[in-house]
Amino acid sequence: MIAIVKYNAGNIRSVKNALDRLNVESKLTDDPEELAAAEKVIFPGVGEAKSAMNYLNERKLDEVLISLKQPFLGICLGMQLMCSYSEERDTKCLGIFEEKVKKFPPKGLVPHMGWNDFTAINGPLFQNIEKEENMYFVHSYYVEVGRDTIGETEYLIPFASALQKNNFYGVQFHPEKSADSGRKLIENFLKI
Amino acid sequence: MTLKKRIIPCLDIKDGQTVKGVNFVDIRSAGDPIELAKRYVKEGADELVFLDITATVDGRKTFAELVSQIAHEINIPFTVGGGISSIEDVQILLDAGADKVSINSAAVRNPNLIKEISDEFGSQFVVVAIDAGLVNNEWKVFVKGGREATELDAFEWAKKVEELGAGEILLTSMQNDGTKAGFALELTQKLSESLNIPVIASGGAGTSEHFKEVFERTNATGALAASVFHFGEIPIPTLKSYLKDQNVSVR
């Protein structure tokens, strides 16, 4: 069973819909035991970092998430919350990745919204995915390129659009909304 | 590496069915929005917009059920709009799986609704649709499906909705809508260059060249059309390969 982390962020259901389309059983849950027992965990979300972290901290879900050993995929806000720190309302995050989350410089349209090239650097998430593939992005903050970066995108500046450390993976774009390219990535994650 | 210009088909929905006729020979039921949506996804549409034009309470419930089906079936982002007037309406549609909601007349009546939605769900969920029409040679905001002019200046209104937290503007020129003579280039350029949020141009698409023009001559990041897609006059794959040949960045 795939567990989808239930918390106070938007658009979590779209990940469940994507798994339903692949005929993969999944469950939205914030129960620590269910999360620990799941075959894989997906941490999706669109929303604001501070209120999301407050929600996770109050329920001690922060400790649960960082202790998980199975393949874990953060999407969009989920990936940003896995970083060490976010400039969005000065928020200390989970610290799985050492990268920091910053606000886009005010020299173009924000949010970064739409289809943009994703350049995969390496990793099992990107099997059968073109070196440069269009993925769907919606975000106003970005993750700086750092040690755990495994994929990059450029919008206003180059930023980390995929991260990995051990069993923890993160993608800034929305694979569940990125048509066939995104479907392939989800399938790859399920095979890890 | 660049952000791609988005091609966005718009489907008008009444009582759960598409309203404007379609003539895709291989679609079994031309009125089935799910089949039409899937067809557009397969053809390479970048996003979809579904506008509910139903006026009844039952019809609105049907629409929310349809939104839930759409969210299950398609794997690209979609916006829903039509008749949204409260944060409760928005909650129902987002729970059903919509990626964004589009508000129009209700935002004019109660501008604070934009801020409420943005604060509650994030600015990326809020699209403000602006129907602009010329009144004494000035672009004014129209409401009620373009039937009623207001005193609001379209450019000032656009700035205000950005300040209130809109994540995107869907700009329709009443002058151009339905003419198939091209998008309102001057209006779109003047409005899009004054803002820091994305603008989608709508109204007037008749040929592939019109899409090229709006992307080359304005800051619009997306272009929306209905009938030219529904009637197969401009197949999306043809449009996209044309735009690529013209060095417009598309997916």
# chains A, B, ... in the order shown; residues from 1 in each chain; ligands from 1
$ closest_atom_pairs --of "chain A" --to "chain B" --cutoff "7 Å" --atoms "only C-alpha atoms" --output "Markdown table"
| residue | atom | partner | partner_atom | distance |
| --- | --- | --- | --- | --- |
| A:Gly10 | CA | B:Phe121 | CA | 6.8 |
| A:Asn11 | CA | B:Gly97 | CA | 6.8 |
| A:Arg13 | CA | B:Gly97 | CA | 6.6 |
| A:Ser14 | CA | B:Gly97 | CA | 6.4 |
| A:Asn17 | CA | B:His72 | CA | 5.1 |
| A:Gly47 | CA | B:Gly122 | CA | 5.9 |
| A:Gly108 | CA | B:Asn196 | CA | 6.8 |
| A:Leu109 | CA | B:Asn196 | CA | 4.8 |
| A:Val110 | CA | B:Ile197 | CA | 5.9 |
| A:Gly114 | CA | B:Leu3 | CA | 6.7 |
| A:Trp115 | CA | B:Lys4 | CA | 5.5 |
| A:Asn116 | CA | B:Leu3 | CA | 4.6 |
| A:Asp117 | CA | B:Met1 | CA | 5.8 |
| A:Asn134 | CA | B:Arg251 | CA | 6.6 |
| A:Glu154 | CA | B:Met1 | CA | 6.4 |
| A:Tyr155 | CA | B:Thr2 | CA | 6.9 |
| A:Glu176 | CA | B:Asn75 | CA | 6.1 |
| A:Lys177 | CA | B:Ile76 | CA | 4.3 |
| A:Ser178 | CA | B:Ile76 | CA | 5.7 |
| A:Ala179 | CA | B:Asn75 | CA | 5.0 |
$ residues_around --residues "segment 160-169 of chain A" --least-positions-apart "5" --cutoff "6 Å" --atoms "only C-alpha atoms" --output "JSON, numbers by chain"
{"A": [71, 72, 73, 143, 144, 145, 148, 149, 150, 151, 152, 153]}
$ write_last_selection --atoms "N, CA and C atoms" --output "PDB file, in the first residue's frame"
ATOM      1  N   PRO A  71      11.061   4.011   0.390  1.00  0.00           N
ATOM      2  CA  PRO A  71      11.141   5.092  -0.599  1.00  0.00           C
ATOM      3  C   PRO A  71      10.077   6.163  -0.326  1.00  0.00           C
ATOM      4  N   PHE A  72      10.512   7.399  -0.355  1.00  0.00           N
ATOM      5  CA  PHE A  72       9.676   8.532   0.061  1.00  0.00           C
ATOM      6  C   PHE A  72       9.804   9.607  -1.009  1.00  0.00           C
ATOM      7  N   LEU A  73       8.679  10.095  -1.512  1.00  0.00           N
ATOM      8  CA  LEU A  73       8.726  11.111  -2.584  1.00  0.00           C
ATOM      9  C   LEU A  73       7.962  12.362  -2.175  1.00  0.00           C
ATOM     10  N   VAL A 143      14.178  25.875  -4.781  1.00  0.00           N
ATOM     11  CA  VAL A 143      15.245  25.272  -3.993  1.00  0.00           C
ATOM     12  C   VAL A 143      16.569  25.532  -4.693  1.00  0.00           C
ATOM     13  N   GLU A 144      17.531  26.052  -3.957  1.00  0.00           N
ATOM     14  CA  GLU A 144      18.839  26.330  -4.541  1.00  0.00           C
ATOM     15  C   GLU A 144      19.534  25.013  -4.908  1.00  0.00           C
ATOM     16  N   VAL A 145      20.366  25.057  -5.928  1.00  0.00           N
ATOM     17  CA  VAL A 145      21.103  23.866  -6.340  1.00  0.00           C
ATOM     18  C   VAL A 145      22.153  23.550  -5.280  1.00  0.00           C
ATOM     19  N   ASP A 148      22.429  17.639  -2.774  1.00  0.00           N
ATOM     20  CA  ASP A 148      21.457  16.571  -2.993  1.00  0.00           C
ATOM     21  C   ASP A 148      20.689  16.730  -4.311  1.00  0.00           C
ATOM     22  N   THR A 149      21.081  17.700  -5.127  1.00  0.00           N
ATOM     23  CA  THR A 149      20.350  17.977  -6.373  1.00  0.00           C
ATOM     24  C   THR A 149      20.583  16.885  -7.414  1.00  0.00           C
ATOM     25  N   ILE A 150      19.475  16.334  -7.951  1.00  0.00           N
ATOM     26  CA  ILE A 150      19.596  15.313  -9.001  1.00  0.00           C
ATOM     27  C   ILE A 150      18.851  15.718 -10.276  1.00  0.00           C
ATOM     28  N   GLY A 151      18.310  16.930 -10.316  1.00  0.00           N
ATOM     29  CA  GLY A 151      17.647  17.420 -11.519  1.00  0.00           C
ATOM     30  C   GLY A 151      17.543  18.928 -11.433  1.00  0.00           C
ATOM     31  N   GLU A 152      17.647  19.588 -12.601  1.00  0.00           N
ATOM     32  CA  GLU A 152      17.619  21.057 -12.582  1.00  0.00           C
ATOM     33  C   GLU A 152      16.642  21.620 -13.598  1.00  0.00           C
ATOM     34  N   THR A 153      16.203  22.847 -13.315  1.00  0.00           N
ATOM     35  CA  THR A 153      15.344  23.597 -14.227  1.00  0.00           C
ATOM     36  C   THR A 153      15.791  25.041 -14.138  1.00  0.00           C
TER      37      THR A 153
END
$ atom_distance --atom1 "atom CA of Asp62 of chain A" --atom2 "atom CA of Gln172 of chain A"
19.7 Å
$ residues_around --residues "Ala129 of chain B" --least-positions-apart "5" --cutoff "7 Å" --atoms "only C-alpha atoms" --output "ChimeraX atom specification"
/B:102-104,169-171
$ residues_around --residues "Glu25 of chain A" --least-positions-apart "3" --cutoff "8 Å" --atoms "only C-alpha atoms" --output "PyMOL selection string"
chain A and resi 1-2+19-20
$ atom_distance --atom1 "atom CA of Gly81 of chain B" --atom2 "atom CA of Val126 of chain B"
10.3 Å
$ select_by_dssp --residues "segment 18-191 of chain A" --states "helix (DSSP H, G or I)" --output "ChimeraX atom specification"
/A:18-21,32-37,49-58,61-66,77-81,124-126,175-177,179-191
$ write_last_selection --atoms "N, CA and C atoms" --output "tab-separated table (two decimals), in the first residue's frame"
chain	number	residue	atom	x	y	z
A	18	ALA	N	-3.92	10.14	-9.41
A	18	ALA	CA	-2.88	9.63	-10.33
A	18	ALA	C	-2.58	8.16	-10.03
A	19	LEU	N	-2.54	7.81	-8.75
A	19	LEU	CA	-2.29	6.41	-8.39
A	19	LEU	C	-3.48	5.53	-8.76
A	20	ASP	N	-4.70	6.07	-8.60
A	20	ASP	CA	-5.90	5.33	-9.03
A	20	ASP	C	-5.82	5.01	-10.52
A	21	ARG	N	-5.35	6.00	-11.31
A	21	ARG	CA	-5.26	5.77	-12.76
A	21	ARG	C	-4.29	4.65	-13.09
A	32	PRO	N	0.95	7.67	12.32
A	32	PRO	CA	2.37	7.30	12.28
A	32	PRO	C	2.60	5.82	11.97
A	33	GLU	N	1.76	4.95	12.54
A	33	GLU	CA	1.95	3.51	12.31
A	33	GLU	C	1.68	3.14	10.86
A	34	GLU	N	0.62	3.73	10.30
A	34	GLU	CA	0.31	3.45	8.89
A	34	GLU	C	1.40	3.96	7.97
A	35	LEU	N	1.93	5.14	8.31
A	35	LEU	CA	3.02	5.70	7.49
A	35	LEU	C	4.25	4.80	7.56
A	36	ALA	N	4.58	4.35	8.76
A	36	ALA	CA	5.77	3.52	8.93
A	36	ALA	C	5.62	2.16	8.23
A	37	ALA	N	4.38	1.67	8.19
A	37	ALA	CA	4.14	0.34	7.62
A	37	ALA	C	3.98	0.35	6.10
A	49	ALA	N	4.51	27.28	3.47
A	49	ALA	CA	5.44	26.47	4.26
A	49	ALA	C	5.21	26.56	5.77
A	50	LYS	N	5.02	27.79	6.28
A	50	LYS	CA	4.95	27.96	7.74
A	50	LYS	C	3.77	27.19	8.35
A	51	SER	N	2.59	27.40	7.79
A	51	SER	CA	1.41	26.75	8.38
A	51	SER	C	1.51	25.24	8.20
A	52	ALA	N	2.12	24.80	7.11
A	52	ALA	CA	2.29	23.35	6.91
A	52	ALA	C	3.23	22.77	7.96
A	53	MET	N	4.37	23.44	8.20
A	53	MET	CA	5.32	22.94	9.21
A	53	MET	C	4.71	22.97	10.61
A	54	ASN	N	3.96	24.05	10.90
A	54	ASN	CA	3.30	24.11	12.21
A	54	ASN	C	2.38	22.91	12.42
A	55	TYR	N	1.64	22.60	11.37
A	55	TYR	CA	0.70	21.48	11.43
A	55	TYR	C	1.45	20.17	11.69
A	56	LEU	N	2.56	19.97	10.94
A	56	LEU	CA	3.34	18.73	11.10
A	56	LEU	C	3.97	18.66	12.49
A	57	ASN	N	4.52	19.78	12.97
A	57	ASN	CA	5.18	19.80	14.28
A	57	ASN	C	4.22	19.51	15.42
A	58	GLU	N	3.03	20.16	15.33
A	58	GLU	CA	2.04	19.97	16.41
A	58	GLU	C	1.66	18.51	16.55
A	61	LEU	N	4.42	14.83	13.42
A	61	LEU	CA	4.61	14.14	12.15
A	61	LEU	C	6.00	14.42	11.57
A	62	ASP	N	6.60	15.54	11.99
A	62	ASP	CA	7.96	15.86	11.51
A	62	ASP	C	8.92	14.73	11.89
A	63	GLU	N	8.85	14.28	13.15
A	63	GLU	CA	9.74	13.21	13.60
A	63	GLU	C	9.45	11.90	12.87
A	64	VAL	N	8.14	11.67	12.64
A	64	VAL	CA	7.74	10.43	11.96
A	64	VAL	C	8.32	10.43	10.54
A	65	LEU	N	8.14	11.53	9.82
A	65	LEU	CA	8.55	11.56	8.41
A	65	LEU	C	10.06	11.38	8.24
A	66	ILE	N	10.85	12.08	9.06
A	66	ILE	CA	12.30	11.98	8.87
A	66	ILE	C	12.86	10.61	9.27
A	77	LEU	N	5.43	21.56	-2.65
A	77	LEU	CA	5.65	22.01	-1.27
A	77	LEU	C	6.25	20.88	-0.43
A	78	GLY	N	5.84	19.65	-0.71
A	78	GLY	CA	6.38	18.50	0.01
A	78	GLY	C	7.89	18.47	-0.07
A	79	MET	N	8.43	18.65	-1.30
A	79	MET	CA	9.89	18.66	-1.47
A	79	MET	C	10.51	19.84	-0.71
A	80	GLN	N	9.86	21.00	-0.80
A	80	GLN	CA	10.43	22.18	-0.13
A	80	GLN	C	10.49	21.97	1.39
A	81	LEU	N	9.46	21.32	1.93
A	81	LEU	CA	9.44	21.08	3.38
A	81	LEU	C	10.52	20.08	3.81
A	124	PRO	N	17.18	6.62	-10.34
A	124	PRO	CA	16.18	5.67	-10.83
A	124	PRO	C	14.82	6.30	-11.14
A	125	LEU	N	14.58	7.51	-10.66
A	125	LEU	CA	13.30	8.17	-10.94
A	125	LEU	C	13.14	8.47	-12.43
A	126	PHE	N	14.26	8.56	-13.14
A	126	PHE	CA	14.21	9.12	-14.49
A	126	PHE	C	14.39	8.11	-15.61
A	175	PRO	N	4.33	15.69	-10.99
A	175	PRO	CA	4.25	14.55	-11.92
A	175	PRO	C	2.80	14.14	-12.17
A	176	GLU	N	1.95	14.33	-11.15
A	176	GLU	CA	0.54	13.92	-11.29
A	176	GLU	C	-0.22	14.82	-12.26
A	177	LYS	N	0.40	15.95	-12.65
A	177	LYS	CA	-0.25	16.86	-13.60
A	177	LYS	C	0.60	17.03	-14.86
A	179	ALA	N	1.12	15.00	-17.49
A	179	ALA	CA	0.74	14.11	-18.58
A	179	ALA	C	1.58	12.83	-18.56
A	180	ASP	N	1.99	12.33	-19.74
A	180	ASP	CA	2.69	11.04	-19.80
A	180	ASP	C	4.07	11.08	-19.15
A	181	SER	N	4.77	12.22	-19.26
A	181	SER	CA	6.11	12.33	-18.66
A	181	SER	C	6.02	12.13	-17.15
A	182	GLY	N	5.00	12.74	-16.56
A	182	GLY	CA	4.82	12.64	-15.12
A	182	GLY	C	4.40	11.24	-14.71
A	183	ARG	N	3.55	10.62	-15.54
A	183	ARG	CA	3.11	9.26	-15.25
A	183	ARG	C	4.32	8.32	-15.19
A	184	LYS	N	5.24	8.50	-16.15
A	184	LYS	CA	6.44	7.65	-16.16
A	184	LYS	C	7.23	7.82	-14.87
A	185	LEU	N	7.36	9.06	-14.41
A	185	LEU	CA	8.12	9.29	-13.19
A	185	LEU	C	7.48	8.61	-11.98
A	186	ILE	N	6.15	8.69	-11.91
A	186	ILE	CA	5.45	8.03	-10.79
A	186	ILE	C	5.65	6.52	-10.89
A	187	GLU	N	5.56	5.99	-12.10
A	187	GLU	CA	5.77	4.54	-12.27
A	187	GLU	C	7.18	4.15	-11.84
A	188	ASN	N	8.16	4.99	-12.19
A	188	ASN	CA	9.55	4.72	-11.79
A	188	ASN	C	9.69	4.71	-10.27
A	189	PHE	N	9.04	5.69	-9.63
A	189	PHE	CA	9.10	5.74	-8.16
A	189	PHE	C	8.50	4.47	-7.56
A	190	LEU	N	7.39	4.02	-8.14
A	190	LEU	CA	6.73	2.83	-7.59
A	190	LEU	C	7.59	1.58	-7.75
A	191	LYS	N	8.53	1.61	-8.71
A	191	LYS	CA	9.40	0.44	-8.94
A	191	LYS	C	10.64	0.45	-8.04
$ residues_around --residues "Ile42 of chain A" --least-positions-apart "2" --cutoff "8 Å" --atoms "only C-alpha atoms" --output "number ranges by chain"
A: 2-5, 40, 44, 72-75
$ closest_residue --among "B:Gln91, B:Arg147, B:Ile13, B:Gly133" --to "Ala37 of chain B" --atoms "only C-alpha atoms"
B:Ile13
$ atom_distance --atom1 "atom CA of Lys144 of chain B" --atom2 "atom CA of Leu51 of chain B"
13.2 Å
$ select_by_dssp --residues "chain A" --states "strand (DSSP E)" --output "number ranges by chain"
A: 2-5, 26-29, 40-43, 72-75, 85-86, 91-92, 100-103, 112-120, 132-139, 141-143, 149-155, 157-165, 168-171
$ decode --residues "segment 145-160 of chain B" --atoms "N, CA and C atoms" --output "compact mmCIF listing (two decimals), in the first residue's frame"
# COMPACT_ATOMS: atom_id res chain seq x y z
N GLY B 145 -21.30 37.50 -17.74
CA GLY B 145 -21.06 36.87 -19.03
C GLY B 145 -20.92 37.88 -20.16
N GLY B 146 -20.45 39.06 -19.82
CA GLY B 146 -20.21 40.08 -20.84
C GLY B 146 -21.44 40.89 -21.22
N ARG B 147 -22.53 40.69 -20.48
CA ARG B 147 -23.77 41.40 -20.84
C ARG B 147 -23.85 42.79 -20.23
N GLU B 148 -23.09 43.03 -19.16
CA GLU B 148 -23.28 44.28 -18.43
C GLU B 148 -21.95 45.00 -18.22
N ALA B 149 -21.88 46.25 -18.67
CA ALA B 149 -20.65 47.04 -18.49
C ALA B 149 -20.60 47.60 -17.08
N THR B 150 -19.38 47.74 -16.53
CA THR B 150 -19.23 48.42 -15.24
C THR B 150 -18.40 49.69 -15.48
N GLU B 151 -18.24 50.44 -14.41
CA GLU B 151 -17.44 51.67 -14.49
C GLU B 151 -15.94 51.38 -14.41
N LEU B 152 -15.61 50.13 -14.05
CA LEU B 152 -14.21 49.79 -13.78
C LEU B 152 -13.35 49.84 -15.03
N ASP B 153 -12.20 50.50 -14.91
CA ASP B 153 -11.21 50.52 -15.97
C ASP B 153 -10.47 49.17 -15.94
N ALA B 154 -10.36 48.52 -17.10
CA ALA B 154 -9.80 47.16 -17.15
C ALA B 154 -8.37 47.11 -16.61
N PHE B 155 -7.56 48.13 -16.93
CA PHE B 155 -6.14 48.11 -16.50
C PHE B 155 -6.01 48.33 -15.00
N GLU B 156 -6.83 49.26 -14.47
CA GLU B 156 -6.79 49.51 -13.03
C GLU B 156 -7.29 48.29 -12.26
N TRP B 157 -8.34 47.67 -12.79
CA TRP B 157 -8.90 46.49 -12.16
C TRP B 157 -7.86 45.35 -12.13
N ALA B 158 -7.13 45.19 -13.23
CA ALA B 158 -6.12 44.13 -13.30
C ALA B 158 -5.05 44.34 -12.23
N LYS B 159 -4.59 45.60 -12.07
CA LYS B 159 -3.59 45.90 -11.03
C LYS B 159 -4.15 45.56 -9.65
N LYS B 160 -5.42 45.92 -9.47
CA LYS B 160 -6.03 45.70 -8.15
C LYS B 160 -6.15 44.20 -7.85
